[in-house]
$ cat query-v9.cif   # mmCIF, C-alpha atoms
data_protein
#
loop_
_atom_site.label_atom_id
_atom_site.label_comp_id
_atom_site.auth_asym_id
_atom_site.auth_seq_id
_atom_site.Cartn_x
_atom_site.Cartn_y
_atom_site.Cartn_z
CA MET A 1 -52.99 37.02 -16.41
CA ARG A 2 -55.55 36.52 -13.65
CA PRO A 3 -55.68 32.95 -12.24
CA ASN A 4 -58.95 31.03 -12.60
CA ILE A 5 -59.50 31.19 -8.84
CA GLU A 6 -58.06 33.53 -6.22
CA VAL A 7 -57.99 33.63 -2.45
CA ALA A 8 -60.06 36.81 -2.75
CA ASP A 9 -62.84 34.88 -4.53
CA ILE A 10 -63.04 32.43 -1.62
CA PHE A 11 -63.10 35.24 0.93
CA ARG A 12 -65.83 37.13 -0.93
CA SER A 13 -68.00 34.03 -1.22
CA ALA A 14 -67.47 32.31 2.13
CA GLY A 15 -66.07 35.16 4.22
CA PRO A 16 -69.39 36.74 5.38
CA ALA A 17 -70.69 33.42 6.76
CA TYR A 18 -67.31 32.70 8.36
CA ARG A 19 -67.35 36.06 10.15
CA ILE A 20 -70.83 35.37 11.54
CA ALA A 21 -69.96 31.82 12.63
CA HIS A 22 -66.78 32.97 14.40
CA ALA A 23 -67.98 36.31 15.76
CA GLY A 24 -66.03 37.18 18.89
CA HIS A 25 -63.21 34.76 18.04
CA LEU A 26 -61.57 36.75 15.25
CA SER A 27 -59.24 39.60 16.10
CA LEU A 28 -59.73 43.03 14.58
CA HIS A 29 -56.45 42.54 12.71
CA GLN A 30 -57.69 39.27 11.15
CA LEU A 31 -60.91 40.97 10.10
CA ARG A 32 -58.92 43.76 8.47
CA VAL A 33 -56.79 41.24 6.57
CA MET A 34 -59.93 39.52 5.28
CA SER A 35 -61.38 42.86 4.17
CA ALA A 36 -58.13 43.90 2.48
CA VAL A 37 -57.87 40.65 0.51
CA GLU A 38 -61.53 40.85 -0.55
CA HIS A 39 -61.28 44.45 -1.77
CA CYS A 40 -57.82 44.31 -3.34
CA ARG A 41 -57.83 45.65 -6.91
CA THR A 42 -61.55 46.38 -6.93
CA ALA A 43 -63.53 49.61 -7.13
CA ALA A 44 -63.71 49.56 -3.32
CA LEU A 45 -60.16 50.94 -3.21
CA GLY A 46 -60.45 53.34 -6.15
CA GLY A 47 -58.04 53.45 -9.05
CA HIS A 48 -57.19 55.14 -12.30
CA VAL A 49 -57.57 54.88 -16.07
CA GLU A 50 -54.44 54.42 -18.18
CA ALA A 51 -54.17 55.09 -21.90
CA CYS A 52 -51.46 54.41 -24.44
CA GLU A 53 -49.73 57.46 -25.91
CA ASP A 54 -49.32 55.70 -29.27
CA CYS A 55 -52.40 53.61 -30.09
CA GLY A 56 -54.97 55.00 -27.66
CA HIS A 57 -55.67 51.65 -25.96
CA TRP A 58 -57.05 52.24 -22.46
CA ARG A 59 -57.57 50.12 -19.37
CA ILE A 60 -58.85 50.48 -15.82
CA ALA A 61 -56.36 49.78 -13.03
CA TYR A 62 -57.77 49.40 -9.52
CA ASN A 63 -55.62 50.13 -6.48
CA SER A 64 -53.96 47.37 -4.47
CA CYS A 65 -54.59 46.87 -0.76
CA ARG A 66 -50.82 46.57 -0.07
CA ASN A 67 -51.51 44.27 2.86
CA ARG A 68 -48.54 41.99 3.50
CA HIS A 69 -50.83 38.95 3.77
CA CYS A 70 -52.46 39.50 0.37
CA PRO A 71 -51.28 37.05 -2.34
CA LYS A 72 -51.67 39.72 -5.07
CA CYS A 73 -49.68 42.50 -3.43
CA GLN A 74 -46.32 40.89 -2.71
CA GLY A 75 -44.76 41.02 -6.17
CA ALA A 76 -44.11 44.77 -6.24
CA ALA A 77 -42.99 44.79 -2.60
CA ALA A 78 -40.56 41.94 -3.27
CA ARG A 79 -39.07 43.70 -6.31
CA THR A 80 -38.50 46.90 -4.35
CA TRP A 81 -36.92 45.03 -1.45
CA LEU A 82 -34.69 42.98 -3.73
CA ALA A 83 -33.43 46.08 -5.54
CA GLU A 84 -32.29 47.44 -2.18
CA ARG A 85 -30.65 44.14 -1.14
CA GLU A 86 -28.79 43.55 -4.40
CA ALA A 87 -26.14 46.09 -3.44
CA ASP A 88 -25.51 44.17 -0.19
CA LEU A 89 -24.38 40.95 -1.88
CA LEU A 90 -20.73 39.97 -1.52
CA PRO A 91 -18.75 37.86 -4.04
CA VAL A 92 -18.75 34.80 -1.78
CA GLY A 93 -20.81 31.64 -1.49
CA TYR A 94 -24.09 31.93 0.41
CA PHE A 95 -25.68 29.29 2.61
CA HIS A 96 -29.33 28.58 3.41
CA VAL A 97 -29.99 27.57 7.05
CA VAL A 98 -33.40 26.72 8.52
CA PHE A 99 -34.36 26.73 12.23
CA THR A 100 -37.64 24.97 13.04
CA LEU A 101 -39.67 24.75 16.26
CA PRO A 102 -40.90 21.34 17.50
CA ALA A 103 -44.67 20.75 17.41
CA GLN A 104 -45.04 21.15 21.20
CA ILE A 105 -43.51 24.62 20.98
CA ALA A 106 -45.45 25.54 17.83
CA ASN A 107 -48.71 25.08 19.76
CA ILE A 108 -47.49 27.57 22.38
CA ALA A 109 -46.38 29.96 19.64
CA TRP A 110 -49.85 29.96 18.08
CA GLN A 111 -51.32 31.49 21.24
CA ASN A 112 -48.34 33.80 21.89
CA LYS A 113 -47.27 34.87 18.42
CA MET A 114 -45.52 38.14 19.18
CA LEU A 115 -43.38 36.79 22.02
CA VAL A 116 -42.53 33.33 20.68
CA TYR A 117 -41.87 34.39 17.08
CA ASP A 118 -39.58 37.13 18.37
CA LEU A 119 -37.85 34.58 20.61
CA LEU A 120 -37.40 32.28 17.61
CA PHE A 121 -35.62 35.07 15.73
CA ARG A 122 -33.40 36.00 18.68
CA ALA A 123 -32.44 32.45 19.67
CA ALA A 124 -31.69 31.39 16.08
CA SER A 125 -29.62 34.47 15.23
CA GLU A 126 -27.69 34.33 18.51
CA THR A 127 -26.99 30.64 17.92
CA MET A 128 -25.54 31.32 14.48
CA MET A 129 -23.40 34.27 15.57
CA THR A 130 -22.13 32.53 18.73
CA ILE A 131 -21.01 29.35 16.96
CA ALA A 132 -19.55 31.33 14.05
CA ALA A 133 -17.54 33.49 16.46
CA ASP A 134 -16.04 30.40 18.13
CA PRO A 135 -12.43 29.93 16.90
CA ARG A 136 -13.02 26.16 16.87
CA HIS A 137 -15.51 26.65 14.04
CA LEU A 138 -15.22 29.84 11.96
CA GLY A 139 -13.91 32.48 14.34
CA ALA A 140 -15.53 35.42 12.59
CA ARG A 141 -18.40 37.90 12.68
CA ILE A 142 -20.99 36.86 10.12
CA GLY A 143 -24.05 38.51 8.54
CA ILE A 144 -27.55 37.06 8.48
CA THR A 145 -30.77 37.83 6.62
CA ALA A 146 -33.63 35.96 8.34
CA VAL A 147 -37.20 35.46 7.13
CA LEU A 148 -40.04 34.04 9.25
CA HIS A 149 -42.45 31.52 7.73
CA THR A 150 -45.28 30.19 9.88
CA TRP A 151 -46.80 27.63 7.50
CA GLY A 152 -46.23 24.25 5.99
CA SER A 153 -47.20 23.55 2.40
CA ALA A 154 -50.68 22.41 3.52
CA MET A 155 -51.16 25.77 5.36
CA THR A 156 -50.79 24.11 8.78
CA HIS A 157 -49.04 25.98 11.58
CA HIS A 158 -45.31 25.31 11.20
CA PRO A 159 -43.15 28.25 12.41
CA HIS A 160 -39.58 28.29 11.14
CA VAL A 161 -36.92 30.80 10.14
CA HIS A 162 -35.04 30.76 6.83
CA MET A 163 -31.58 32.33 6.95
CA ILE A 164 -29.31 33.46 4.13
CA VAL A 165 -25.72 33.60 5.39
CA PRO A 166 -22.54 34.62 3.53
CA GLY A 167 -19.90 31.89 3.52
CA GLY A 168 -17.48 33.61 5.84
CA GLY A 169 -17.07 36.69 7.99
CA ILE A 170 -14.77 39.39 9.28
CA ALA A 171 -12.11 38.38 11.79
CA HIS A 172 -12.62 39.74 15.30
CA ASP A 173 -9.67 42.12 14.91
CA GLY A 174 -11.11 43.39 11.60
CA THR A 175 -7.93 42.70 9.63
CA ARG A 176 -9.02 39.88 7.30
CA TRP A 177 -11.93 38.01 5.79
CA ILE A 178 -12.26 34.41 6.98
CA SER A 179 -13.92 32.14 4.42
CA SER A 180 -15.87 29.03 5.29
CA ARG A 181 -15.19 25.72 3.61
CA PRO A 182 -16.75 25.53 0.11
CA ALA A 183 -19.66 23.23 1.08
CA PHE A 184 -19.71 23.63 4.87
CA LEU A 185 -20.56 26.60 7.06
CA LEU A 186 -21.17 25.45 10.67
CA PRO A 187 -21.90 22.05 12.32
CA VAL A 188 -25.68 21.63 12.43
CA ARG A 189 -25.67 19.36 15.52
CA VAL A 190 -23.82 22.00 17.52
CA LEU A 191 -26.23 24.64 16.24
CA GLY A 192 -29.23 22.51 17.22
CA LYS A 193 -28.02 21.96 20.79
CA LEU A 194 -27.31 25.62 21.45
CA PHE A 195 -30.57 26.70 19.79
CA ARG A 196 -32.55 24.30 21.99
CA ARG A 197 -30.85 25.53 25.17
CA LEU A 198 -31.22 29.23 24.38
CA PHE A 199 -34.83 28.93 23.26
CA LEU A 200 -36.09 26.77 26.15
CA THR A 201 -34.26 28.81 28.81
CA ARG A 202 -35.84 32.03 27.59
CA LEU A 203 -39.26 30.47 27.01
CA ILE A 204 -39.33 29.29 30.64
CA ALA A 205 -38.24 32.78 31.73
CA LEU A 206 -41.20 34.26 29.82
CA HIS A 207 -43.52 31.80 31.59
CA ASP A 208 -42.06 32.64 34.99
CA ALA A 209 -42.58 36.34 34.28
CA GLY A 210 -46.27 35.67 33.52
CA GLN A 211 -45.97 36.89 29.93
CA LEU A 212 -47.35 33.78 28.21
CA ASN A 213 -51.09 33.28 27.74
CA PHE A 214 -52.90 29.96 27.35
CA PHE A 215 -56.47 29.33 26.26
CA GLY A 216 -58.82 26.42 25.67
CA ALA A 217 -57.26 22.98 25.85
CA MET A 218 -53.88 24.52 26.67
CA SER A 219 -55.06 26.57 29.68
CA ASN A 220 -53.51 24.04 32.08
CA LEU A 221 -50.06 25.11 30.88
CA ALA A 222 -50.41 28.23 32.98
CA ASP A 223 -49.26 26.02 35.88
CA ARG A 224 -45.45 25.93 35.99
CA ARG A 225 -45.12 22.22 36.74
CA THR A 226 -47.52 21.31 33.95
CA PHE A 227 -45.64 23.62 31.63
CA LEU A 228 -42.30 22.00 32.45
CA ARG A 229 -43.79 18.52 31.95
CA HIS A 230 -45.05 19.67 28.54
CA LEU A 231 -41.51 20.74 27.62
CA ALA A 232 -39.80 17.64 29.02
CA PRO A 233 -39.97 15.60 25.77
CA VAL A 234 -38.44 18.38 23.65
CA ARG A 235 -35.57 18.80 26.12
CA GLN A 236 -34.37 15.30 25.20
CA LYS A 237 -35.26 15.57 21.53
CA ARG A 238 -32.76 16.62 18.89
CA TRP A 239 -33.70 20.00 17.42
CA VAL A 240 -32.95 19.78 13.73
CA VAL A 241 -31.20 22.68 12.08
CA TYR A 242 -31.18 22.21 8.33
CA ALA A 243 -28.36 23.57 6.21
CA LYS A 244 -28.64 23.40 2.43
CA PRO A 245 -25.69 23.39 0.03
CA PRO A 246 -24.43 26.87 -0.94
CA PHE A 247 -26.09 28.81 -3.71
CA ALA A 248 -24.55 28.95 -7.18
CA GLY A 249 -23.60 32.61 -7.14
CA PRO A 250 -25.26 35.91 -6.13
CA GLU A 251 -27.92 35.62 -8.85
CA ALA A 252 -29.18 32.39 -7.28
CA VAL A 253 -29.33 34.13 -3.90
CA LEU A 254 -31.53 36.88 -5.33
CA ALA A 255 -33.74 34.32 -7.09
CA TYR A 256 -34.22 32.51 -3.78
CA LEU A 257 -34.95 35.69 -1.88
CA SER A 258 -37.52 36.76 -4.47
CA ARG A 259 -39.42 33.52 -3.77
CA TYR A 260 -39.17 33.56 0.02
CA THR A 261 -39.03 37.05 1.47
CA HIS A 262 -42.56 38.19 0.61
CA ARG A 263 -44.29 34.82 0.33
CA VAL A 264 -47.69 34.34 1.99
CA ALA A 265 -49.32 31.14 3.28
CA ILE A 266 -50.66 30.23 -0.17
CA SER A 267 -50.34 31.72 -3.63
CA ASN A 268 -53.21 31.96 -6.10
CA ARG A 269 -51.28 29.70 -8.48
CA ARG A 270 -51.71 26.74 -6.14
CA LEU A 271 -55.51 26.95 -6.18
CA ILE A 272 -57.20 24.51 -8.56
CA SER A 273 -60.94 24.97 -7.98
CA PHE A 274 -63.56 26.34 -5.60
CA ASP A 275 -67.10 24.96 -5.57
CA GLN A 276 -69.74 23.54 -3.21
CA ASP A 277 -67.35 20.69 -2.32
CA GLY A 278 -64.67 23.08 -1.06
CA VAL A 279 -61.31 24.48 -2.10
CA THR A 280 -58.96 22.19 -4.03
CA LEU A 281 -55.27 23.09 -3.96
CA ARG A 282 -51.81 21.74 -4.63
CA TYR A 283 -49.32 21.11 -1.85
CA LYS A 284 -46.05 19.28 -1.21
CA ASP A 285 -45.77 16.34 1.17
CA TYR A 286 -42.14 16.49 2.26
CA ARG A 287 -42.29 12.99 3.72
CA HIS A 288 -42.09 11.67 0.16
CA ASP A 289 -39.66 12.17 -2.69
CA GLY A 290 -40.10 12.41 -6.43
CA ALA A 291 -43.53 12.59 -8.02
CA GLU A 292 -45.26 11.49 -4.80
CA ARG A 293 -44.23 14.72 -3.12
CA HIS A 294 -46.72 16.75 -5.19
CA GLN A 295 -50.22 16.15 -3.82
CA ILE A 296 -53.72 17.59 -4.17
CA MET A 297 -56.10 18.18 -1.25
CA THR A 298 -59.60 19.57 -0.81
CA LEU A 299 -60.61 21.67 2.21
CA THR A 300 -63.96 23.11 3.12
CA ALA A 301 -64.14 26.86 2.57
CA ASN A 302 -64.30 27.43 6.34
CA GLU A 303 -61.23 25.27 6.95
CA PHE A 304 -59.35 27.05 4.16
CA ILE A 305 -60.10 30.45 5.71
CA ARG A 306 -59.20 29.17 9.19
CA ARG A 307 -55.82 27.93 7.98
CA PHE A 308 -55.16 31.16 6.09
CA LEU A 309 -55.88 33.25 9.18
CA LEU A 310 -53.54 31.11 11.31
CA HIS A 311 -50.68 32.93 9.61
CA VAL A 312 -51.78 36.53 10.13
CA LEU A 313 -48.83 38.10 11.93
CA PRO A 314 -49.23 40.50 14.87
CA ARG A 315 -49.52 44.09 13.81
CA GLY A 316 -46.11 45.76 13.53
CA PHE A 317 -44.19 42.49 13.68
CA HIS A 318 -41.13 42.44 11.39
CA ARG A 319 -40.86 39.13 9.54
CA ILE A 320 -37.61 40.01 7.72
CA ARG A 321 -34.66 40.84 9.98
CA HIS A 322 -30.91 41.38 9.59
CA TYR A 323 -28.19 40.50 12.08
CA GLY A 324 -24.44 40.75 12.55
CA LEU A 325 -22.67 42.40 9.63
CA LEU A 326 -26.03 43.09 7.96
CA ALA A 327 -27.69 44.76 10.95
CA SER A 328 -29.11 48.08 9.84
CA ALA A 329 -27.12 50.30 12.22
CA ALA A 330 -23.70 49.39 10.81
CA ARG A 331 -24.49 47.53 7.58
CA ARG A 332 -22.92 50.04 5.20
CA ASP A 333 -19.65 50.27 7.16
CA ASN A 334 -19.44 46.50 7.63
CA LEU A 335 -20.03 45.80 3.94
CA ALA A 336 -17.45 48.41 2.92
CA LEU A 337 -14.89 46.76 5.21
CA ALA A 338 -15.78 43.30 3.88
CA ARG A 339 -15.29 44.47 0.29
CA ARG A 340 -11.90 45.95 1.15
CA LEU A 341 -10.82 42.71 2.81
CA LEU A 342 -12.08 40.72 -0.19
CA ALA A 343 -10.29 43.15 -2.57
CA VAL A 344 -13.43 43.86 -4.59
CA PRO A 345 -14.77 47.24 -5.76
CA SER A 346 -16.83 49.26 -3.34
CA GLU A 347 -20.57 49.60 -3.78
CA PRO A 348 -21.24 51.96 -6.71
CA GLU A 349 -23.18 55.08 -6.06
CA VAL A 350 -26.68 54.80 -7.48
CA PRO A 351 -27.68 58.10 -9.13
CA THR A 352 -30.96 59.60 -8.09
CA PRO A 353 -33.30 59.77 -11.09
CA ASP A 354 -34.34 63.26 -12.13
CA ALA A 355 -37.86 62.14 -13.03
CA PRO A 356 -40.12 59.72 -11.20
CA LEU A 357 -40.05 56.14 -12.46
CA ASP A 358 -42.82 55.02 -14.83
CA THR A 359 -45.02 52.73 -12.74
CA CYS A 360 -47.45 51.78 -15.53
CA SER A 361 -46.77 48.56 -17.41
CA PRO A 362 -46.40 48.89 -21.21
CA CYS A 363 -49.36 48.85 -23.56
CA PRO A 364 -50.47 45.25 -24.22
CA CYS A 365 -51.31 46.14 -27.84
CA CYS A 366 -48.28 48.01 -29.14
CA GLY A 367 -45.85 48.14 -26.20
CA GLY A 368 -46.16 51.93 -25.99
CA ARG A 369 -46.04 54.06 -22.88
CA MET A 370 -49.19 54.12 -20.77
CA VAL A 371 -50.13 57.33 -18.94
CA VAL A 372 -52.79 58.02 -16.33
CA ILE A 373 -55.66 60.07 -17.79
CA GLU A 374 -58.13 59.84 -14.89
CA THR A 375 -58.26 58.84 -11.24
CA PHE A 376 -61.33 57.88 -9.24
CA ALA A 377 -62.01 57.55 -5.52
CA ARG A 378 -62.99 54.53 -3.43
CA TRP A 379 -66.26 52.83 -4.30
CA CYS A 380 -66.46 54.91 -7.48
CA GLN A 381 -66.20 53.99 -11.14
CA PRO A 382 -64.39 55.99 -13.84
CA ARG A 383 -66.32 58.17 -16.21
CA ALA A 384 -67.03 56.89 -19.73
CA PRO A 385 -63.84 56.28 -21.74
CA PRO A 386 -62.88 58.54 -24.64
CA PRO A 387 -65.35 58.08 -27.50
CA LEU A 388 -62.56 57.30 -29.98
CA LEU A 389 -59.50 55.19 -29.28
CA LEU A 390 -57.16 57.81 -30.73
CA PRO A 391 -53.58 58.19 -29.58
CA ILE A 392 -53.16 60.45 -26.55
CA ARG A 393 -50.94 62.78 -28.57
CA GLU A 394 -53.85 63.40 -30.99
CA PHE A 395 -56.18 64.20 -28.09
CA ALA A 396 -53.60 66.69 -26.81
CA SER A 397 -53.37 68.40 -30.18
#

$ encode --input "query-v9.cif" --output "structure tokens"
Amino acid sequence: MRPNIEVADIFRSAGPAYRIAHAGHLSLHQLRVMSAVEHCRTAALGGHVEACEDCGHWRIAYNSCRNRHCPKCQGAAARTWLAEREADLLPVGYFHVVFTLPAQIANIAWQNKMLVYDLLFRAASETMMTIAADPRHLGARIGITAVLHTWGSAMTHHPHVHMIVPGGGIAHDGTRWISSRPAFLLPVRVLGKLFRRLFLTRLIALHDAGQLNFFGAMSNLADRRTFLRHLAPVRQKRWVVYAKPPFAGPEAVLAYLSRYTHRVAISNRRLISFDQDGVTLRYKDYRHDGAERHQIMTLTANEFIRRFLLHVLPRGFHRIRHYGLLASAARRDNLALARRLLAVPSEPEVPTPDAPLDTCSPCPCCGGRMVVIETFARWCQPRAPPPLLLPIREFAS
């Protein structure tokens, strides 16, 4: 069912004026994201007509934009991705670990997304694998699935990485599986210290190599001494690494991943209204607990669009990454070894279907099979529907 208000509705209404007001300040990629969201599932992208084989009910289905920032296009992508990941799950507890950048670093990341987001991934993953490999802690090679989020609940800029980590790993000699304690993976204070050191050392190296750019009020950070003074407070500050209790089984891991892997800055479900006063939406204030955590705020349409565009990722940037045992190059071999060491059956072979999967949802009237009876190009409309709503089989006869 279509929500009462969608991000696309806001973009169609306020987007043209926003483009004019910010001409020259929006990247081509941001403009393309706006256009994709506006045109998603409209005649602008073409589509097809489906009809039920049993009762003759027909409907028009417009094509999706498939842009990874579009709130309407992530469901199918998430389901496909999850189906591929389900075979990778091991019969062990899984932990959820979060690495977050301090506000002073987040401001630098906003103007250097590609470099700083990539550095966040590398520093966080190396921190986890280094501490896990230490015999004083776990002493094993672990696997990591990491997902980048760049937003807080109020759509502000808040870059952080969510990690899903199996509770254990393969010993360095490859002869046994080493399990973590039931409710403890790695010490978060040790993780925070190493993460801070790795990240700041490499961020300063990027600055020294002249790879960081600064604009507007932050242009003075191009000077090395000013840059180091800017970082001085975070050198002394504790960098919090948050570790949640383990999930209750593999099914809970998949349920979590389905919510996080393909999430965008805001879903259509969180929108309440859009009128001349602005956009009203729900958000969570994590400084409070209980009922006070759930809040409502109203933003002007321009501010809503600005916050949405803050989270447009650089073109080609991978926001889901795998490390250690789950790294793509050796994932299959590592998982096979882990299953042998855990004495569990190997991954079953998935048979290749002889016929293509049915991508049409069932008939809303009788639950019958829907088939495509007509396709139409971009900016076109389908021809008139069949004059009689007879079953498709009767038309064929």

$ atom_distance --input "query-v9.cif" --atom1 "atom CA of Asp277 of chain A" --atom2 "atom CA of Ala21 of chain A"
18.8 Å

$ residues_around --input "query-v9.cif" --residues "segment 286-295 of chain A" --least-positions-apart "4" --cutoff "9 Å" --atoms "only C-alpha atoms" --output "PyMOL selection string"
chain A and resi 153+281-282

$ closest_residue --input "query-v9.cif" --among "A:Arg196, A:Arg378, A:Arg332, A:Arg189" --to "Gly47 of chain A" --atoms "all atoms listed in the file"
A:Arg378

$ residues_around --input "query-v9.cif" --residues "Leu198 of chain A" --least-positions-apart "3" --cutoff "9 Å" --atoms "all atoms listed in the file" --output "compact mmCIF listing (two decimals) with C-alpha atoms, in the frame of the given file"
# COMPACT_ATOMS: atom_id res chain seq x y z
CA ALA A 123 -32.44 32.45 19.67
CA ALA A 124 -31.69 31.39 16.08
CA GLU A 126 -27.69 34.33 18.51
CA THR A 127 -26.99 30.64 17.92
CA LYS A 193 -28.02 21.96 20.79
CA LEU A 194 -27.31 25.62 21.45
CA PHE A 195 -30.57 26.70 19.79
CA THR A 201 -34.26 28.81 28.81
CA ARG A 202 -35.84 32.03 27.59
CA LEU A 203 -39.26 30.47 27.01

$ resolve_selection --input "query-v9.cif" --expression "the PyMOL selection byres ((chain A and resi 240-249) around 8)" --output "list in words"
Pro91, Val92, Gly93, Tyr94, Phe95, His96, Val97, Val98, Phe99, Thr100, Pro182, Ala183, Phe184, Val188, Arg189, Leu191, Gly192, Arg238, Trp239, Pro250, Glu251, Ala252 and Val253 of chain A

$ write_last_selection --input "query-v9.cif" --atoms "C-alpha atoms" --output "PDB file, in the coordinates of the input"
ATOM      1  CA  PRO A  91     -18.750  37.860  -4.040  1.00  0.00           C
ATOM      2  CA  VAL A  92     -18.750  34.800  -1.780  1.00  0.00           C
ATOM      3  CA  GLY A  93     -20.810  31.640  -1.490  1.00  0.00           C
ATOM      4  CA  TYR A  94     -24.090  31.930   0.410  1.00  0.00           C
ATOM      5  CA  PHE A  95     -25.680  29.290   2.610  1.00  0.00           C
ATOM      6  CA  HIS A  96     -29.330  28.580   3.410  1.00  0.00           C
ATOM      7  CA  VAL A  97     -29.990  27.570   7.050  1.00  0.00           C
ATOM      8  CA  VAL A  98     -33.400  26.720   8.520  1.00  0.00           C
ATOM      9  CA  PHE A  99     -34.360  26.730  12.230  1.00  0.00           C
ATOM     10  CA  THR A 100     -37.640  24.970  13.040  1.00  0.00           C
ATOM     11  CA  PRO A 182     -16.750  25.530   0.110  1.00  0.00           C
ATOM     12  CA  ALA A 183     -19.660  23.230   1.080  1.00  0.00           C
ATOM     13  CA  PHE A 184     -19.710  23.630   4.870  1.00  0.00           C
ATOM     14  CA  VAL A 188     -25.680  21.630  12.430  1.00  0.00           C
ATOM     15  CA  ARG A 189     -25.670  19.360  15.520  1.00  0.00           C
ATOM     16  CA  LEU A 191     -26.230  24.640  16.240  1.00  0.00           C
ATOM     17  CA  GLY A 192     -29.230  22.510  17.220  1.00  0.00           C
ATOM     18  CA  ARG A 238     -32.760  16.620  18.890  1.00  0.00           C
ATOM     19  CA  TRP A 239     -33.700  20.000  17.420  1.00  0.00           C
ATOM     20  CA  PRO A 250     -25.260  35.910  -6.130  1.00  0.00           C
ATOM     21  CA  GLU A 251     -27.920  35.620  -8.850  1.00  0.00           C
ATOM     22  CA  ALA A 252     -29.180  32.390  -7.280  1.00  0.00           C
ATOM     23  CA  VAL A 253     -29.330  34.130  -3.900  1.00  0.00           C
TER      24      VAL A 253
END

$ residues_around --input "query-v9.cif" --residues "segment 369-376 of chain A" --least-positions-apart "6" --cutoff "9 Å" --atoms "all atoms listed in the file" --output "number ranges by chain"
A: 43, 46-54, 57-58, 358, 360-363, 382-383, 392

$ resolve_selection --input "query-v9.cif" --expression "the PyMOL selection byres ((chain A and resi 108) around 10)" --output "list in words"
Ala103, Gln104, Ile105, Ala106, Asn107, Ala109, Trp110, Gln111, Asn112, Lys113, Val116, Leu203, Leu212, Asn213, Phe214, Phe215, Met218 and Leu221 of chain A

$ residues_around --input "query-v9.cif" --residues "segment 70-82 of chain A" --least-positions-apart "6" --cutoff "8 Å" --atoms "all atoms listed in the file" --output "PDB file with C-alpha atoms, keeping the file's coordinate frame"
ATOM      1  CA  VAL A   7     -57.990  33.630  -2.450  1.00  0.00           C
ATOM      2  CA  VAL A  33     -56.790  41.240   6.570  1.00  0.00           C
ATOM      3  CA  ALA A  36     -58.130  43.900   2.480  1.00  0.00           C
ATOM      4  CA  VAL A  37     -57.870  40.650   0.510  1.00  0.00           C
ATOM      5  CA  CYS A  40     -57.820  44.310  -3.340  1.00  0.00           C
ATOM      6  CA  SER A  64     -53.960  47.370  -4.470  1.00  0.00           C
ATOM      7  CA  LEU A 254     -31.530  36.880  -5.330  1.00  0.00           C
ATOM      8  CA  LEU A 257     -34.950  35.690  -1.880  1.00  0.00           C
ATOM      9  CA  SER A 258     -37.520  36.760  -4.470  1.00  0.00           C
ATOM     10  CA  THR A 261     -39.030  37.050   1.470  1.00  0.00           C
ATOM     11  CA  HIS A 262     -42.560  38.190   0.610  1.00  0.00           C
ATOM     12  CA  ARG A 263     -44.290  34.820   0.330  1.00  0.00           C
ATOM     13  CA  VAL A 264     -47.690  34.340   1.990  1.00  0.00           C
ATOM     14  CA  ILE A 266     -50.660  30.230  -0.170  1.00  0.00           C
ATOM     15  CA  SER A 267     -50.340  31.720  -3.630  1.00  0.00           C
ATOM     16  CA  ASN A 268     -53.210  31.960  -6.100  1.00  0.00           C
TER      17      ASN A 268
END
